[in-house]
file model24.pdb (PDB, C-alpha atoms)
ATOM      1  CA  MET M   1       9.792  -8.948 -65.083
ATOM      2  CA  LEU M   2       6.371 -10.564 -65.152
ATOM      3  CA  CYS M   3       3.065  -8.835 -65.777
ATOM      4  CA  GLY M   4      -0.446 -10.215 -65.643
ATOM      5  CA  GLY M   5      -3.930  -8.938 -66.231
ATOM      6  CA  ASN M   6      -6.073  -7.839 -63.334
ATOM      7  CA  PRO M   7      -9.233 -10.014 -63.176
ATOM      8  CA  LYS M   8     -11.757  -8.802 -65.757
ATOM      9  CA  LEU M   9      -9.468  -5.786 -66.343
ATOM     10  CA  ALA M  10     -11.718  -4.115 -63.781
ATOM     11  CA  ALA M  11      -9.117  -1.790 -62.231
ATOM     12  CA  SER M  12      -8.053   1.559 -63.643
ATOM     13  CA  LYS M  13      -4.541   0.100 -63.710
ATOM     14  CA  PRO M  14      -5.302  -3.238 -65.380
ATOM     15  CA  PHE M  15      -1.983  -5.067 -65.067
ATOM     16  CA  TYR M  16      -0.051  -6.521 -62.133
ATOM     17  CA  LEU M  17       3.694  -5.940 -62.329
ATOM     18  CA  LEU M  18       5.926  -8.497 -60.623
ATOM     19  CA  ASP M  19       9.548  -7.398 -60.423
ATOM     20  CA  PRO M  20      11.756 -10.139 -58.926
ATOM     21  CA  ALA M  21      14.213  -7.480 -57.729
ATOM     22  CA  VAL M  22      11.670  -6.054 -55.282
ATOM     23  CA  LEU M  23       9.463  -9.038 -54.448
ATOM     24  CA  GLU M  24       9.463 -10.257 -50.876
ATOM     25  CA  VAL M  25       8.351 -13.748 -51.947
ATOM     26  CA  PRO M  26       9.715 -16.009 -54.699
ATOM     27  CA  LEU M  27       8.438 -15.175 -58.181
ATOM     28  CA  HIS M  28       6.730 -18.563 -58.560
ATOM     29  CA  GLU M  29       4.600 -17.743 -55.486
ATOM     30  CA  ALA M  30       3.996 -14.133 -56.487
ATOM     31  CA  ALA M  31       2.654 -15.290 -59.861
ATOM     32  CA  ILE M  32      -0.297 -17.035 -58.181
ATOM     33  CA  SER M  33      -3.252 -14.752 -58.879
ATOM     34  CA  ARG M  34      -4.497 -14.451 -55.286
ATOM     35  CA  ILE M  35      -0.982 -13.599 -54.060
ATOM     36  CA  ALA M  36      -0.303 -11.174 -56.913
ATOM     37  CA  ALA M  37      -3.547  -9.375 -56.024
ATOM     38  CA  LYS M  38      -2.191  -8.786 -52.515
ATOM     39  CA  ILE M  39       1.446  -7.858 -53.195
ATOM     40  CA  ALA M  40       1.908  -6.640 -56.753
ATOM     41  CA  PRO M  41       1.535  -3.026 -57.776
ATOM     42  CA  THR M  42      -0.992  -2.418 -60.525
ATOM     43  CA  VAL M  43       0.050  -0.364 -63.524
ATOM     44  CA  GLU M  44      -1.398   1.110 -66.678
ATOM     45  CA  VAL M  45      -0.400  -0.186 -70.097
ATOM     46  CA  ASP M  46       2.056   2.665 -70.671
ATOM     47  CA  ALA M  47       4.085   1.616 -67.601
ATOM     48  CA  LEU M  48       4.951  -1.741 -69.154
ATOM     49  CA  ARG M  49       7.936  -2.685 -71.295
ATOM     50  CA  PRO M  50       7.839  -4.704 -74.537
ATOM     51  CA  VAL M  51       6.666  -8.253 -73.935
ATOM     52  CA  ASP M  52       8.756 -11.231 -75.090
ATOM     53  CA  VAL M  53       6.332 -14.044 -74.199
ATOM     54  CA  VAL M  54       2.584 -14.080 -73.584
ATOM     55  CA  VAL M  55       1.067 -17.090 -71.811
ATOM     56  CA  LEU M  56      -2.662 -17.465 -72.430
ATOM     57  CA  GLY M  57      -4.978 -19.762 -70.529
ATOM     58  CA  SER M  58      -7.009 -22.172 -72.627
ATOM     59  CA  VAL M  59      -9.952 -24.451 -72.004
ATOM     60  CA  ALA M  60      -9.138 -26.202 -75.294
ATOM     61  CA  VAL M  61      -6.782 -25.590 -78.207
ATOM     62  CA  ASN M  62      -6.291 -27.252 -81.575
ATOM     63  CA  ARG M  63      -2.985 -27.957 -83.279
ATOM     64  CA  ALA M  64      -3.394 -24.893 -85.495
ATOM     65  CA  GLY M  65      -3.198 -22.728 -82.351
ATOM     66  CA  VAL M  66      -6.848 -21.676 -82.249
ATOM     67  CA  ARG M  67      -7.916 -21.646 -78.622
ATOM     68  CA  ILE M  68     -11.020 -21.441 -76.525
ATOM     69  CA  GLY M  69     -10.677 -19.385 -73.364
ATOM     70  CA  LYS M  70     -13.353 -18.879 -70.758
ATOM     71  CA  GLY M  71     -15.483 -17.006 -73.266
ATOM     72  CA  ALA M  72     -15.487 -13.416 -72.000
ATOM     73  CA  GLY M  73     -12.665 -12.168 -74.247
ATOM     74  CA  TYR M  74     -10.473 -10.631 -71.541
ATOM     75  CA  SER M  75      -7.265 -12.247 -72.845
ATOM     76  CA  ASP M  76      -8.012 -10.888 -76.309
ATOM     77  CA  ILE M  77      -8.610  -7.398 -74.895
ATOM     78  CA  GLU M  78      -5.375  -7.535 -72.858
ATOM     79  CA  PHE M  79      -3.499  -8.568 -75.997
ATOM     80  CA  ALA M  80      -5.174  -5.803 -78.025
ATOM     81  CA  LEU M  81      -4.229  -3.164 -75.434
ATOM     82  CA  LEU M  82      -0.617  -4.366 -75.493
ATOM     83  CA  THR M  83      -0.620  -4.475 -79.304
ATOM     84  CA  GLU M  84      -1.865  -0.904 -79.626
ATOM     85  CA  ALA M  85       0.784   0.241 -77.163
ATOM     86  CA  GLY M  86       3.452  -1.399 -79.339
ATOM     87  CA  LEU M  87       4.382  -3.851 -76.569
ATOM     88  CA  VAL M  88       3.542  -7.061 -78.453
ATOM     89  CA  GLY M  89       4.091  -7.719 -82.119
ATOM     90  CA  PRO M  90       4.990 -10.395 -84.644
ATOM     91  CA  GLY M  91       8.111 -11.354 -82.650
ATOM     92  CA  THR M  92       6.227 -11.919 -79.397
ATOM     93  CA  LEU M  93       5.873 -15.627 -78.637
ATOM     94  CA  VAL M  94       2.331 -16.631 -77.600
ATOM     95  CA  VAL M  95       2.109 -19.863 -75.597
ATOM     96  CA  THR M  96      -0.520 -21.898 -73.793
ATOM     97  CA  THR M  97       0.024 -24.698 -71.298
ATOM     98  CA  VAL M  98      -2.638 -27.399 -71.154
ATOM     99  CA  HIS M  99      -3.290 -31.025 -70.256
ATOM    100  CA  PRO M 100      -2.993 -33.336 -73.303
ATOM    101  CA  LEU M 101      -6.772 -33.913 -73.227
ATOM    102  CA  GLN M 102      -7.272 -30.192 -73.892
ATOM    103  CA  VAL M 103      -5.498 -30.441 -77.263
ATOM    104  CA  ILE M 104      -8.226 -31.314 -79.739
ATOM    105  CA  ASP M 105      -8.112 -32.343 -83.390
ATOM    106  CA  THR M 106     -11.285 -30.448 -84.188
ATOM    107  CA  PHE M 107     -11.944 -27.190 -86.001
ATOM    108  CA  ILE M 108     -12.447 -24.290 -83.587
ATOM    109  CA  PRO M 109     -14.116 -21.217 -85.045
ATOM    110  CA  SER M 110     -12.317 -17.950 -84.451
ATOM    111  CA  ALA M 111     -12.963 -14.288 -85.118
ATOM    112  CA  GLU M 112     -10.591 -11.563 -86.239
ATOM    113  CA  HIS M 113     -10.176 -10.318 -82.647
ATOM    114  CA  ASP M 114      -9.101 -13.751 -81.323
ATOM    115  CA  VAL M 115      -5.438 -14.392 -80.472
ATOM    116  CA  ASN M 116      -4.034 -17.745 -81.551
ATOM    117  CA  VAL M 117      -0.980 -19.344 -79.966
ATOM    118  CA  ASP M 118       2.407 -20.108 -81.491
ATOM    119  CA  VAL M 119       3.208 -22.968 -79.124
ATOM    120  CA  ILE M 120       1.186 -25.440 -77.070
ATOM    121  CA  VAL M 121       2.984 -27.006 -74.110
ATOM    122  CA  THR M 122       1.667 -30.171 -72.458
ATOM    123  CA  PRO M 123       3.451 -32.487 -70.024
ATOM    124  CA  ASP M 124       3.927 -34.871 -72.982
ATOM    125  CA  GLU M 125       4.873 -32.636 -75.909
ATOM    126  CA  ILE M 126       5.580 -29.208 -77.309
ATOM    127  CA  ILE M 127       3.467 -28.392 -80.353
ATOM    128  CA  THR M 128       4.503 -25.653 -82.753
ATOM    129  CA  CYS M 129       1.496 -24.115 -84.496
ATOM    130  CA  SER M 130       1.795 -23.242 -88.160
ATOM    131  CA  THR M 131      -0.290 -20.117 -88.728
ATOM    132  CA  PRO M 132      -0.908 -18.073 -85.603
ATOM    133  CA  HIS M 133      -3.268 -15.118 -85.919
ATOM    134  CA  ARG M 134      -2.494 -11.744 -84.334
ATOM    135  CA  PRO M 135      -5.208  -9.085 -84.141
ATOM    136  CA  LYS M 136      -4.015  -5.581 -84.981
ATOM    137  CA  GLY M 137      -5.658  -3.894 -82.004
ATOM    138  CA  ILE M 138      -9.019  -3.320 -80.368
ATOM    139  CA  PHE M 139     -12.042  -4.111 -82.520
ATOM    140  CA  TRP M 140     -14.316  -1.405 -81.187
ATOM    141  CA  ASP M 141     -17.229  -2.430 -83.384
ATOM    142  CA  ARG M 142     -17.242  -5.839 -81.630
ATOM    143  CA  LEU M 143     -17.613  -4.307 -78.145
ATOM    144  CA  ASP M 144     -20.872  -3.178 -76.662
ATOM    145  CA  ALA M 145     -21.277  -0.159 -74.403
ATOM    146  CA  ALA M 146     -21.576  -2.299 -71.250
ATOM    147  CA  LYS M 147     -18.218  -4.021 -71.880
ATOM    148  CA  ILE M 148     -16.487  -0.695 -72.533
ATOM    149  CA  ALA M 149     -18.035   0.820 -69.409
ATOM    150  CA  ALA M 150     -16.910  -2.158 -67.289
ATOM    151  CA  ILE M 151     -13.247  -1.957 -68.346
ATOM    152  CA  PRO M 152     -11.575   1.321 -67.343
ATOM    153  CA  ALA M 153      -8.733   0.929 -69.876
ATOM    154  CA  LEU M 154     -11.307   0.772 -72.679
ATOM    155  CA  ARG M 155     -13.540   3.436 -71.173
ATOM    156  CA  SER M 156     -10.664   5.943 -70.943
ATOM    157  CA  ARG M 157      -9.712   5.360 -74.577
ATOM    158  CA  ALA M 158     -13.340   5.679 -75.668
ATOM    159  CA  THR M 159     -13.775   8.984 -73.840
ATOM    160  CA  HIS M 160     -10.754  10.553 -75.544
ATOM    161  CA  GLY M 161     -12.768  11.001 -78.732
ATOM    162  CA  ALA M 162     -11.475   7.911 -80.482
ATOM    163  CA  VAL M 163     -14.764   6.050 -80.284
ATOM    164  CA  THR M 164     -18.369   7.139 -80.546
ATOM    165  CA  LEU M 165     -21.077   4.957 -79.065
ATOM    166  CA  LEU M 166     -24.232   4.744 -81.117
ATOM    167  CA  ARG M 167     -27.182   2.624 -79.959
ATOM    168  CA  GLY M 168     -24.886   0.517 -77.789
ATOM    169  CA  ARG M 169     -22.443  -0.253 -80.616
ATOM    170  CA  CYS M 170     -19.144   1.391 -81.362
ATOM    171  CA  LEU M 171     -18.130   3.372 -84.378
ATOM    172  CA  THR M 172     -14.412   3.760 -84.879
ATOM    173  CA  VAL M 173     -13.019   7.147 -85.801
ATOM    174  CA  CYS M 174     -10.126   6.688 -88.181
ATOM    175  CA  ARG M 175      -8.449   9.394 -90.190
ATOM    176  CA  GLY M 176     -11.428  11.669 -89.738
ATOM    177  CA  VAL M 177     -13.954   9.131 -91.059
ATOM    178  CA  VAL M 178     -16.571   7.759 -88.692
ATOM    179  CA  GLY M 179     -18.134   4.412 -89.389
ATOM    180  CA  PRO M 180     -17.970   0.692 -88.794
ATOM    181  CA  GLY M 181     -16.412   0.109 -92.215
ATOM    182  CA  CYS M 182     -13.370   2.348 -91.820
ATOM    183  CA  GLY M 183     -11.293  -0.449 -90.375
ATOM    184  CA  PRO M 184     -10.907  -2.495 -87.221
ATOM    185  CA  VAL M 185      -7.651  -0.913 -86.085
ATOM    186  CA  PHE M 186      -8.117   1.650 -83.361
ATOM    187  CA  SER M 187      -5.815   4.629 -83.653
ATOM    188  CA  PRO M 188      -4.967   5.471 -80.025
ATOM    189  CA  TRP M 189      -5.476   9.041 -78.909
ATOM    190  CA  TRP M 190      -1.872   9.286 -77.701
ATOM    191  CA  ALA M 191      -0.475   8.457 -81.146
ATOM    192  CA  GLY M 192      -1.408  11.912 -82.392
TER     193      GLY M 192
END

call {"tool": "encode", "arguments": {"input": "model24.pdb", "output": "structure tokens"}}
result
Amino acid sequence: MLCGGNPKLAASKPFYLLDPAVLEVPLHEAAISRIAAKIAPTVEVDALRPVDVVVLGSVAVNRAGVRIGKGAGYSDIEFALLTEAGLVGPGTLVVTTVHPLQVIDTFIPSAEHDVNVDVIVTPDEIITCSTPHRPKGIFWDRLDAAKIAAIPALRSRATHGAVTLLRGRCLTVCRGVVGPGCGPVFSPWWAG
């Protein structure tokens, strides 16, 4: 089974689900984004099964596993949604595939919401990263109202009372306390 994020997570069902048992084309063709968009059903997070391997795209990555994506944070949000649903965790392998020139020996700044990789695969080598970082969930206080409004999976979670928007910023509600300092881990509405 292969799943992938819908571009910009813009659909109410943000993931494509590619099941080789029902595909009418080979999986390697179905995994091409423009083909997946035409043939794959889209599903919500709760329709997915636990994920063994996550492959993240990278513009550049250093040997510590810190990566630069395209800059909009969609991979980090996908990962956060899967984390909160209990579908990725410490045992999930996170990989990127890049050209050797994209592996840099330079410090890359990262934030607490960024996902680092465990393994970098190039045509020349496989690099195991020493200290990958895994965010614990969605960092609501790092998202503005426009980003939440543009992503239905975030918008639906925000409208279930878990998040209050104040002046375009988010305040997380955790254990009955409202405020940006109560912790970055979002407690999903379905967890009770």

call {"tool": "closest_residue", "arguments": {"input": "model24.pdb", "among": "M:Val54, M:Ile104, M:Val95, M:Ile77", "to": "Cys3 (chain M)", "atoms": "all atoms listed in the file"}}
result
M:Val54

call {"tool": "closest_residue", "arguments": {"input": "model24.pdb", "among": "M:Ile108, M:Leu93, M:Ile32, M:Ala85", "to": "Val55 (chain M)", "atoms": "all atoms listed in the file"}}
result
M:Leu93

call {"tool": "closest_residue", "arguments": {"input": "model24.pdb", "among": "M:Asp114, M:Pro152, M:Arg34, M:Arg157", "to": "Lys13 (chain M)", "atoms": "all atoms listed in the file"}}
result
M:Pro152

call {"tool": "closest_atom_pairs", "arguments": {"input": "model24.pdb", "of": "region 43-74 of chain M", "to": "region 128-145 of chain M", "cutoff": "9 Å", "atoms": "all atoms listed in the file", "output": "tab-separated table"}}
result
residue	atom	partner	partner_atom	distance
M:Asn62	CA	M:Cys129	CA	8.9
M:Arg63	CA	M:Cys129	CA	6.0
M:Ala64	CA	M:Cys129	CA	5.1
M:Gly65	CA	M:Cys129	CA	5.3
M:Val66	CA	M:Pro132	CA	7.7

call {"tool": "atom_distance", "arguments": {"input": "model24.pdb", "atom1": "CA of Val121 (chain M)", "atom2": "CA of Pro14 (chain M)"}}
result
26.6 Å

call {"tool": "resolve_selection", "arguments": {"input": "model24.pdb", "expression": "the PyMOL selection byres ((chain M and resi 56) around 12)", "output": "VMD selection string"}}
result
chain M and resid 4 to 5 53 to 55 57 to 61 65 to 70 73 to 79 93 to 98 114 to 121
